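The file structure-v4.csv comes next; it holds CSV, C-alpha atoms and all ligand atoms.
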```
chain,number,residue,atom,x,y,z
A,67,MET,CA,81.5,102.4,104.6
A,68,LYS,CA,82.8,101.2,101.2
A,69,PRO,CA,86.6,101.6,101.1
A,70,VAL,CA,88.2,103.8,98.5
A,71,ILE,CA,91.9,104.5,97.6
A,72,VAL,CA,93.4,107.1,95.4
A,73,VAL,CA,97.2,107.3,94.6
A,74,HIS,CA,99.4,109.6,92.5
A,75,GLY,CA,102.8,109.2,91.0
A,76,GLY,CA,103.6,113.0,90.8
A,77,ALA,CA,102.4,116.0,88.8
A,78,GLY,CA,104.6,117.4,86.0
A,79,ARG,CA,105.8,116.1,82.7
A,80,ILE,CA,105.9,112.4,82.2
A,81,PHE,CA,108.2,111.5,79.3
A,82,LYS,CA,106.7,109.1,76.7
A,83,GLU,CA,109.2,106.4,77.4
A,84,ARG,CA,108.2,106.4,81.1
A,85,GLU,CA,104.5,106.6,80.6
A,86,ASP,CA,103.8,102.8,80.8
A,87,GLY,CA,106.0,102.3,83.8
A,88,SER,CA,104.4,105.2,85.6
A,89,ARG,CA,100.9,104.1,84.8
A,90,SER,CA,101.6,100.5,85.9
A,91,GLY,CA,103.3,101.8,89.1
A,92,VAL,CA,100.3,103.8,90.3
A,93,ILE,CA,97.9,101.0,89.3
A,94,ARG,CA,99.9,98.4,91.3
A,95,ALA,CA,100.0,100.8,94.3
A,96,ALA,CA,96.2,101.3,94.1
A,97,LEU,CA,95.5,97.6,93.8
A,98,LYS,CA,97.8,96.9,96.8
A,99,GLY,CA,96.1,99.5,99.0
A,100,TYR,CA,92.6,98.4,98.0
A,101,SER,CA,93.4,94.8,98.7
A,102,ILE,CA,94.3,95.8,102.3
A,103,LEU,CA,91.1,97.8,102.6
A,104,LYS,CA,89.0,95.0,101.2
A,105,GLN,CA,90.3,92.6,103.8
A,106,GLY,CA,89.2,95.1,106.6
A,107,GLY,CA,92.7,96.8,106.9
A,108,SER,CA,93.0,100.4,108.0
A,109,ALA,CA,93.3,103.4,105.8
A,110,LEU,CA,96.6,104.1,107.5
A,111,ASP,CA,98.0,100.7,106.5
A,112,ALA,CA,96.7,101.0,102.9
A,113,VAL,CA,98.3,104.4,102.3
A,114,GLU,CA,101.6,103.4,103.9
A,115,GLN,CA,101.8,100.2,101.8
A,116,ALA,CA,100.7,101.9,98.6
A,117,VAL,CA,103.4,104.6,99.0
A,118,ALA,CA,106.1,102.1,100.0
A,119,LEU,CA,105.4,100.2,96.8
A,120,MET,CA,106.0,103.3,94.8
A,121,GLU,CA,109.1,104.2,96.8
A,122,ASP,CA,110.6,100.9,95.7
A,123,ASP,CA,109.7,101.6,92.1
A,124,PRO,CA,112.5,103.5,90.3
A,125,HIS,CA,110.0,105.2,88.0
A,126,PHE,CA,109.1,107.7,90.7
A,127,ASN,CA,110.9,110.5,92.5
A,128,ALA,CA,110.7,108.8,95.9
A,129,GLY,CA,112.8,106.2,97.6
A,130,CYS,CA,114.8,104.5,94.9
A,131,GLY,CA,114.6,106.8,91.9
A,132,SER,CA,114.7,110.0,93.9
A,133,VAL,CA,116.2,113.1,92.3
A,134,LEU,CA,119.6,114.3,93.6
A,135,ASN,CA,120.5,117.4,95.5
A,136,GLN,CA,123.2,119.8,94.5
A,137,LYS,CA,125.9,117.5,95.9
A,138,GLY,CA,124.6,114.5,94.0
A,139,GLU,CA,123.0,112.8,97.0
A,140,VAL,CA,119.4,111.6,97.7
A,141,GLU,CA,117.6,113.5,100.5
A,142,MET,CA,114.0,112.5,101.0
A,143,ASP,CA,110.9,113.9,102.8
A,144,ALA,CA,107.8,112.0,103.8
A,145,ILE,CA,104.6,112.4,105.8
A,146,ILE,CA,101.7,110.2,107.0
A,147,MET,CA,98.5,111.3,108.8
A,148,ASP,CA,95.7,109.6,110.6
A,149,GLY,CA,92.3,111.3,110.2
A,150,LYS,CA,90.9,109.7,113.3
A,151,ASN,CA,92.9,111.6,115.8
A,152,LEU,CA,94.9,114.1,113.6
A,153,ALA,CA,98.1,112.3,114.5
A,154,SER,CA,100.9,112.6,112.0
A,155,GLY,CA,104.5,111.8,111.5
A,156,ALA,CA,107.1,113.1,109.1
A,157,VAL,CA,110.8,112.9,108.2
A,158,SER,CA,112.8,115.4,106.2
A,159,ALA,CA,116.2,115.3,104.5
A,160,VAL,CA,116.7,111.6,105.3
A,161,LYS,CA,119.3,109.6,103.5
A,162,CYS,CA,120.2,105.9,103.2
A,163,ILE,CA,116.9,104.3,104.0
A,164,ALA,CA,114.6,102.5,101.5
A,165,ASN,CA,111.2,103.6,102.8
A,166,PRO,CA,110.9,107.1,104.3
A,167,ILE,CA,107.2,106.6,104.7
A,168,LYS,CA,107.7,103.7,107.1
A,169,LEU,CA,110.0,105.9,109.2
A,170,ALA,CA,107.4,108.7,109.1
A,171,ARG,CA,104.9,106.2,110.6
A,172,LEU,CA,107.4,105.3,113.3
A,173,VAL,CA,107.8,109.0,114.2
A,174,MET,CA,104.0,109.2,114.5
A,175,GLU,CA,103.6,106.0,116.6
A,176,LYS,CA,106.8,105.8,118.6
A,177,THR,CA,107.6,109.4,119.5
A,178,GLU,CA,105.9,112.4,121.0
A,179,HIS,CA,107.0,114.5,118.0
A,180,MET,CA,105.7,115.1,114.5
A,181,LEU,CA,108.8,115.7,112.4
A,182,LEU,CA,112.3,114.5,112.6
A,183,THR,CA,115.0,115.7,110.3
A,184,ASP,CA,118.4,114.7,108.8
A,185,TYR,CA,120.8,113.4,111.5
A,186,GLY,CA,118.2,113.1,114.2
A,187,ALA,CA,116.0,111.1,111.9
A,188,GLN,CA,118.9,108.9,111.0
A,189,CYS,CA,119.6,108.2,114.7
A,190,PHE,CA,116.0,107.4,115.3
A,191,ALA,CA,115.9,105.0,112.3
A,192,LYS,CA,118.9,103.2,113.8
A,193,ALA,CA,117.2,103.0,117.2
A,194,MET,CA,114.1,101.6,115.6
A,195,GLY,CA,116.1,98.9,113.7
A,196,VAL,CA,115.4,100.4,110.3
A,197,PRO,CA,118.2,99.0,108.0
A,198,GLU,CA,120.6,101.5,106.6
A,199,ILE,CA,121.3,101.1,102.9
A,200,PRO,CA,124.2,102.6,100.9
A,201,GLY,CA,123.0,105.9,99.4
A,202,GLU,CA,124.1,104.6,96.0
A,203,LYS,CA,121.3,102.1,96.0
A,204,LEU,CA,118.7,104.8,95.8
A,205,ILE,CA,120.4,106.4,92.8
A,206,THR,CA,119.3,105.4,89.3
A,207,GLU,CA,121.3,106.0,86.2
A,208,ARG,CA,118.7,108.4,85.1
A,209,SER,CA,118.8,110.6,88.2
A,210,ARG,CA,122.6,110.7,88.0
A,211,GLU,CA,122.4,111.8,84.3
A,212,ARG,CA,119.9,114.5,85.1
A,213,TRP,CA,121.9,115.8,88.0
A,214,MET,CA,125.0,116.1,85.7
A,215,LYS,CA,123.0,117.8,83.0
A,216,ASN,CA,121.6,120.3,85.5
A,217,LEU,CA,125.1,121.2,86.6
A,218,GLU,CA,126.0,122.3,83.0
A,219,PRO,CA,126.5,126.0,82.8
A,220,ASP,CA,123.7,126.5,80.1
A,221,SER,CA,121.1,124.3,81.9
A,222,ASN,CA,117.7,125.9,82.5
A,223,PRO,CA,117.0,125.7,86.2
A,224,HIS,CA,113.2,125.8,85.6
A,225,LYS,CA,113.1,123.2,82.9
A,226,PHE,CA,114.5,120.5,85.0
A,227,GLN,CA,111.8,120.9,87.6
A,228,THR,CA,109.0,120.0,85.3
A,229,ASP,CA,109.5,116.2,85.8
A,230,LEU,CA,108.4,115.9,89.4
A,231,GLY,CA,107.2,112.4,90.3
A,232,THR,CA,106.5,112.6,94.0
A,233,VAL,CA,104.2,109.8,95.2
A,234,GLY,CA,101.1,109.8,97.5
A,235,ALA,CA,98.0,108.0,98.6
A,236,VAL,CA,94.7,108.8,100.3
A,237,ALA,CA,92.2,106.3,101.5
A,238,ILE,CA,89.0,105.7,103.5
A,239,ASP,CA,88.5,102.4,105.2
A,240,SER,CA,85.4,100.3,106.1
A,241,GLU,CA,85.2,102.1,109.5
A,242,GLY,CA,85.1,105.5,107.9
A,243,ASN,CA,88.7,106.5,108.9
A,244,VAL,CA,90.7,108.5,106.4
A,245,ALA,CA,94.5,108.7,106.0
A,246,CYS,CA,97.1,110.3,103.7
A,247,ALA,CA,100.7,109.5,102.9
A,248,THR,CA,103.2,111.4,100.7
A,249,SER,CA,106.9,110.7,99.9
A,250,THR,CA,109.4,112.5,97.7
A,251,GLY,CA,113.0,113.0,96.7
A,252,GLY,CA,112.1,116.7,96.4
A,253,LEU,CA,113.4,119.0,93.7
A,254,ALA,CA,116.3,118.1,91.4
A,255,ASN,CA,119.6,119.9,92.3
A,256,LYS,CA,118.0,121.4,95.4
A,257,LEU,CA,120.3,123.0,98.0
A,258,VAL,CA,121.5,120.5,100.7
A,259,GLY,CA,119.1,120.6,103.6
A,260,ARG,CA,116.2,122.0,101.6
A,261,VAL,CA,112.9,120.7,103.1
A,262,GLY,CA,109.9,120.8,100.8
A,263,ASP,CA,106.1,120.8,101.2
A,264,THR,CA,105.9,117.0,101.5
A,265,ALA,CA,107.2,116.9,105.1
A,266,CYS,CA,105.0,119.8,106.2
A,267,ILE,CA,101.6,119.0,107.7
A,268,GLY,CA,98.9,120.8,105.8
A,269,SER,CA,101.1,121.3,102.7
A,270,GLY,CA,102.2,117.8,101.6
A,271,GLY,CA,99.1,116.2,103.0
A,272,TYR,CA,96.3,116.4,105.6
A,273,ALA,CA,93.7,113.9,106.9
A,274,ASP,CA,90.7,114.6,109.1
A,275,ASN,CA,87.8,112.2,109.5
A,276,HIS,CA,85.5,115.2,109.7
A,277,VAL,CA,86.2,116.2,106.1
A,278,GLY,CA,88.5,113.9,104.2
A,279,ALA,CA,92.2,113.4,103.2
A,280,THR,CA,94.4,114.8,100.6
A,281,SER,CA,98.0,114.3,99.3
A,282,THR,CA,99.8,116.9,97.1
A,283,THR,CA,102.6,117.1,94.5
A,284,GLY,CA,104.2,119.9,92.5
A,285,HIS,CA,106.4,122.9,93.2
A,286,GLY,CA,106.9,122.6,96.9
A,287,GLU,CA,107.7,126.2,97.7
A,288,SER,CA,104.4,127.2,96.0
A,289,ILE,CA,102.5,124.5,97.8
A,290,MET,CA,103.8,125.7,101.2
A,291,LYS,CA,102.8,129.3,100.4
A,292,VAL,CA,99.1,128.4,100.1
A,293,VAL,CA,99.2,125.3,102.5
A,294,LEU,CA,97.6,123.4,99.6
A,295,ALA,CA,96.3,120.2,101.3
A,296,ARG,CA,94.6,122.0,104.2
A,297,LEU,CA,93.2,124.7,101.8
A,298,ILE,CA,91.4,122.0,99.8
A,299,LEU,CA,89.8,120.5,103.0
A,300,TYR,CA,88.8,124.1,104.0
A,301,HIS,CA,87.0,124.5,100.7
A,302,MET,CA,85.3,121.1,101.3
A,303,GLU,CA,84.2,122.3,104.7
A,304,GLN,CA,82.6,125.2,103.0
A,305,GLY,CA,80.5,122.8,100.9
A,306,MET,CA,82.6,122.2,97.8
A,307,SER,CA,83.0,118.8,96.2
A,308,PRO,CA,86.5,117.3,96.3
A,309,GLU,CA,86.8,118.2,92.6
A,310,GLU,CA,85.7,121.8,93.0
A,311,ALA,CA,87.8,122.2,96.1
A,312,SER,CA,90.9,120.8,94.3
A,313,ASP,CA,90.4,123.0,91.2
A,314,THR,CA,89.8,126.1,93.3
A,315,ALA,CA,92.9,125.5,95.5
A,316,LEU,CA,95.1,124.7,92.5
A,317,ASN,CA,93.8,127.8,90.7
A,318,CYS,CA,94.6,129.9,93.8
A,319,MET,CA,98.2,128.5,93.8
A,320,LYS,CA,98.6,129.3,90.1
A,321,THR,CA,97.2,132.9,90.3
A,322,ARG,CA,98.7,133.9,93.6
A,323,VAL,CA,102.1,132.5,93.5
A,324,GLY,CA,102.5,131.1,89.9
A,325,GLY,CA,102.9,127.5,91.1
A,326,LEU,CA,101.7,124.3,89.4
A,327,GLY,CA,100.9,121.0,91.0
A,328,GLY,CA,98.5,118.1,91.5
A,329,VAL,CA,96.3,116.7,94.2
A,330,ILE,CA,94.3,113.6,95.2
A,331,VAL,CA,91.4,113.8,97.5
A,332,VAL,CA,88.9,111.4,99.2
A,333,SER,CA,86.0,112.8,101.2
A,334,ASN,CA,84.6,111.2,104.4
A,335,SER,CA,81.7,110.1,102.3
A,336,GLY,CA,83.9,108.3,99.8
A,337,ASP,CA,83.8,110.9,96.9
A,338,TRP,CA,87.2,111.3,95.3
A,339,ALA,CA,89.2,113.5,92.9
A,340,ALA,CA,92.5,113.5,91.1
A,341,ARG,CA,93.2,117.0,89.7
A,342,PHE,CA,96.3,118.8,88.4
A,343,SER,CA,97.4,122.1,86.8
A,344,THR,CA,100.5,120.6,85.3
A,345,LYS,CA,100.5,118.9,81.9
A,346,GLN,CA,100.3,115.4,83.4
A,347,MET,CA,99.9,113.5,86.6
A,348,SER,CA,99.8,109.7,86.9
A,349,TRP,CA,97.0,108.6,89.2
A,350,ALA,CA,94.8,105.6,90.0
A,351,THR,CA,91.7,105.0,92.1
A,352,VAL,CA,89.8,101.9,93.2
A,353,LYS,CA,86.2,102.2,94.4
A,354,ASP,CA,83.4,99.7,94.3
A,355,ASP,CA,85.8,97.1,92.9
A,356,GLN,CA,86.4,99.3,89.9
A,357,LEU,CA,89.8,100.7,88.9
A,358,TYR,CA,90.1,104.2,87.3
A,359,TYR,CA,93.3,105.6,86.1
A,360,GLY,CA,94.9,108.3,83.9
A,361,ILE,CA,97.8,110.5,83.1
A,362,TYR,CA,96.5,113.3,80.8
A,363,THR,CA,94.0,116.0,81.6
A,364,GLY,CA,90.5,114.5,81.2
A,365,GLU,CA,91.7,111.0,80.7
A,366,ARG,CA,89.8,108.4,82.8
A,367,LEU,CA,90.3,104.8,81.9
A,368,THR,CA,88.6,102.0,83.7
A,369,LYS,CA,88.9,98.2,84.4
A,370,SER,CA,87.4,95.9,87.0
A,371,PHE,CA,89.5,95.3,90.1
A,372,GLU,CA,89.7,91.6,89.4
A,373,GLU,CA,90.7,92.1,85.8
A,374,ALA,CA,93.4,94.6,86.9
A,375,LEU,CA,94.8,92.2,89.5
A,376,THR,CA,95.3,89.6,86.7
A,377,SER,CA,96.8,91.9,84.2
A,378,GLU,CA,99.2,93.3,86.8
A,379,GLY,CA,100.2,89.8,87.8
A,380,PHE,CA,99.1,90.1,91.4
B,1,LIG,N1,107.7,116.1,93.0
B,1,LIG,C1,107.2,116.9,93.8
B,1,LIG,O1,106.0,116.9,94.0
B,1,LIG,C2,108.1,117.8,94.5
B,1,LIG,C3,107.8,118.1,96.0
B,1,LIG,N2,106.5,118.7,96.1
B,1,LIG,C4,108.8,119.0,96.5
B,1,LIG,O2,108.8,120.2,96.2
B,1,LIG,O3,109.6,118.6,97.2
```

As structure tokens, please, write out the structure in this file.
Ligand SMILES: NC(=O)C[C@H](N)C(=O)O
Amino acid sequence: MKPVIVVHGGAGRIFKEREDGSRSGVIRAALKGYSILKQGGSALDAVEQAVALMEDDPHFNAGCGSVLNQKGEVEMDAIIMDGKNLASGAVSAVKCIANPIKLARLVMEKTEHMLLTDYGAQCFAKAMGVPEIPGEKLITERSRERWMKNLEPDSNPHKFQTDLGTVGAVAIDSEGNVACATSTGGLANKLVGRVGDTACIGSGGYADNHVGATSTTGHGESIMKVVLARLILYHMEQGMSPEEASDTALNCMKTRVGGLGGVIVVSNSGDWAARFSTKQMSWATVKDDQLYYGIYTGERLTKSFEEALTSEGF
């Protein structure tokens, strides 16, 4: 099987001044994941590493750069899933760790559970030797400014949710195994303790070797109502291509519950899609040693893998 990776840096509105950083962030994550796959690494390792790279990148709403909750704190959700055996691990409302996706993988591999939250997740992280970092280290100047703006009495609660920025990855490895990973700071100025779609299996992501893998981004409450990730795979089971299945599911979410979002998909035969109903979504794919990437609807730029490695300074 020829390996494929697809990553996203969140659906929503990407401000002009952040376009280059967002583009480069998804490209670097895709290159990193593909390098792992090319060396015979697993889809699981590829998606985890690709997402961890974007968690460390302040351009995205995940890890460092996460949006703040109503109290001005970072609370993060993440999920990872292995298509081979349907194992998955997730964390929700976690604070003070750099890479929630790595903790989600530990939940999958070291516990009998699938989702740990808040204080319990924090205790588990400690027990696993995951370093605790000051919450301040995850907060960028931009996220603090936005938080303060959103607290102003005349702020528009809907406007501030258009700049979403969750990160995710899906991959298929040379053995034909698929995996997905998604990580987010959630919605800006959310209530303390709000858990979004990202931590919920079938909503923020799903991976099944019998069909494929998908990772989602967008308005979490809408995504949960239609169980977006699993809905896409259902449509693929009924014979649709990844692209048709994505568009059908996104359209359902828009018409039934008025929610916008974006998705990335890889099928178990290596076909892929990156689709969104928002204005923009940064995404990148590597397949057959060729990089594809874009931000705007219909945009699909391309470069060879080797050329991209050089231009991104790998
Ligand atoms: N940026 C996002 O995609 C937000 C995420 N889906 C959430 O609602 O938590």

Checklist entry - Which residues form the shell of 10 Å around ligand LIG 1 (chain B) when you count all atoms listed in the file, given as number ranges by chain? => result A: 74-78, 126-128, 132-133, 142-144, 227-234, 248-254, 256, 260-265, 269-270, 281-290, 326-329

I need the chosen residues saved as an mmCIF file, in the frame of the given file, with C-alpha atoms.
```cif
data_model
loop_
_atom_site.group_PDB
_atom_site.id
_atom_site.type_symbol
_atom_site.label_atom_id
_atom_site.label_comp_id
_atom_site.auth_asym_id
_atom_site.auth_seq_id
_atom_site.Cartn_x
_atom_site.Cartn_y
_atom_site.Cartn_z
ATOM 1 C CA HIS A 74 99.400 109.600 92.500
ATOM 2 C CA GLY A 75 102.800 109.200 91.000
ATOM 3 C CA GLY A 76 103.600 113.000 90.800
ATOM 4 C CA ALA A 77 102.400 116.000 88.800
ATOM 5 C CA GLY A 78 104.600 117.400 86.000
ATOM 6 C CA PHE A 126 109.100 107.700 90.700
ATOM 7 C CA ASN A 127 110.900 110.500 92.500
ATOM 8 C CA ALA A 128 110.700 108.800 95.900
ATOM 9 C CA SER A 132 114.700 110.000 93.900
ATOM 10 C CA VAL A 133 116.200 113.100 92.300
ATOM 11 C CA MET A 142 114.000 112.500 101.000
ATOM 12 C CA ASP A 143 110.900 113.900 102.800
ATOM 13 C CA ALA A 144 107.800 112.000 103.800
ATOM 14 C CA GLN A 227 111.800 120.900 87.600
ATOM 15 C CA THR A 228 109.000 120.000 85.300
ATOM 16 C CA ASP A 229 109.500 116.200 85.800
ATOM 17 C CA LEU A 230 108.400 115.900 89.400
ATOM 18 C CA GLY A 231 107.200 112.400 90.300
ATOM 19 C CA THR A 232 106.500 112.600 94.000
ATOM 20 C CA VAL A 233 104.200 109.800 95.200
ATOM 21 C CA GLY A 234 101.100 109.800 97.500
ATOM 22 C CA THR A 248 103.200 111.400 100.700
ATOM 23 C CA SER A 249 106.900 110.700 99.900
ATOM 24 C CA THR A 250 109.400 112.500 97.700
ATOM 25 C CA GLY A 251 113.000 113.000 96.700
ATOM 26 C CA GLY A 252 112.100 116.700 96.400
ATOM 27 C CA LEU A 253 113.400 119.000 93.700
ATOM 28 C CA ALA A 254 116.300 118.100 91.400
ATOM 29 C CA LYS A 256 118.000 121.400 95.400
ATOM 30 C CA ARG A 260 116.200 122.000 101.600
ATOM 31 C CA VAL A 261 112.900 120.700 103.100
ATOM 32 C CA GLY A 262 109.900 120.800 100.800
ATOM 33 C CA ASP A 263 106.100 120.800 101.200
ATOM 34 C CA THR A 264 105.900 117.000 101.500
ATOM 35 C CA ALA A 265 107.200 116.900 105.100
ATOM 36 C CA SER A 269 101.100 121.300 102.700
ATOM 37 C CA GLY A 270 102.200 117.800 101.600
ATOM 38 C CA SER A 281 98.000 114.300 99.300
ATOM 39 C CA THR A 282 99.800 116.900 97.100
ATOM 40 C CA THR A 283 102.600 117.100 94.500
ATOM 41 C CA GLY A 284 104.200 119.900 92.500
ATOM 42 C CA HIS A 285 106.400 122.900 93.200
ATOM 43 C CA GLY A 286 106.900 122.600 96.900
ATOM 44 C CA GLU A 287 107.700 126.200 97.700
ATOM 45 C CA SER A 288 104.400 127.200 96.000
ATOM 46 C CA ILE A 289 102.500 124.500 97.800
ATOM 47 C CA MET A 290 103.800 125.700 101.200
ATOM 48 C CA LEU A 326 101.700 124.300 89.400
ATOM 49 C CA GLY A 327 100.900 121.000 91.000
ATOM 50 C CA GLY A 328 98.500 118.100 91.500
ATOM 51 C CA VAL A 329 96.300 116.700 94.200
#
```

Next on the checklist: Here is a test: counting all atoms listed in the file, which residue of A:Gln346, A:Thr206, A:Ser312, A:Gln136 is nearest to Pro124 in chain A?
Outcome noted: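 Nearest candidate to Pro124 in chain A out of A:Gln346, A:Thr206, A:Ser312, A:Gln136: A:Thr206.
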
Item to check | Nearest to Thr351 in chain A, chosen from A:Asp122, A:Met319, A:Glu139, A:Val236, with all atoms listed in the file counted in the distances | outcome: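 Nearest candidate to Thr351 in chain A out of A:Asp122, A:Met319, A:Glu139, A:Val236: A:Val236.
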
Next on the checklist: When you look at Ser333 in chain A with a cut-off of 12 Å (counting only C-alpha atoms), what residues show up, excluding the ones that are within fewer than 5 positions of it in the same chain? I need them as a ChimeraX atom specification.
Outcome noted: /A:67,69-72,149,236-239,242-246,272-280,298-303,305-309,311-312,338-339

Item to check | Pick from A:Met180, A:Asn135, A:Ala187, A:His125 nearest to Gly87 in chain A, counting all atoms listed in the file | outcome: A:His125

Item to check | Å distance separating CA of Asp111 in chain A from CA of Arg341 in chain A, one decimal place | outcome: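 Between CA of Asp111 in chain A and CA of Arg341 in chain A the gap is 23.9 Å.
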
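Using only C-alpha atoms for every distance, the candidate list A:Leu110, A:Val92, A:Ile80, A:Ala193 yields A:Leu110 as the residue closest to Glu241 in chain A.
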
Checklist entry - When distances are computed from only C-alpha atoms, which of A:Gly271, A:Ile361, A:Ser377, A:Gly186 shows the smallest separation from Val331 in chain A? => result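 Using only C-alpha atoms, Val331 in chain A sits closest to A:Gly271.
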
Checklist entry - Can you list, as a list in words, every protein, DNA or RNA residue that comes within 10 Å of Ala96 in chain A when you count all atoms listed in the file, leaving out same-chain residues fewer than 4 positions away? => result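 Residues near the query, excluding close chain neighbours: Val70, Ile71, Val72, Val73, His74, Ser90, Gly91, Val92, Tyr100, Ser101, Ala112, Val113, Gln115, Ala116, Val117, Leu119, Ala235, Val236, Ala237, Trp349, Ala350, Thr351, Val352, Leu357, Tyr358, Tyr359 and Phe371 of chain A.
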
Next on the checklist: Report, in Å with one decimal, the straight-line distance from CA of Tyr362 in chain A to CA of Leu316 in chain A.
Outcome noted: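 Distance reported for this atom pair: 16.4 Å.
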
Next on the checklist: Report, in Å with one decimal, the straight-line distance from CA of Pro200 in chain A to CA of Ala164 in chain A.
Outcome noted: 9.6 Å

Checklist entry - Given the choices A:Ile267, A:Ser240, A:Glu85, A:Lys203, which gets closest to Ala170 in chain A if the distance is worked out from all atoms listed in the file? => result A:Ile267
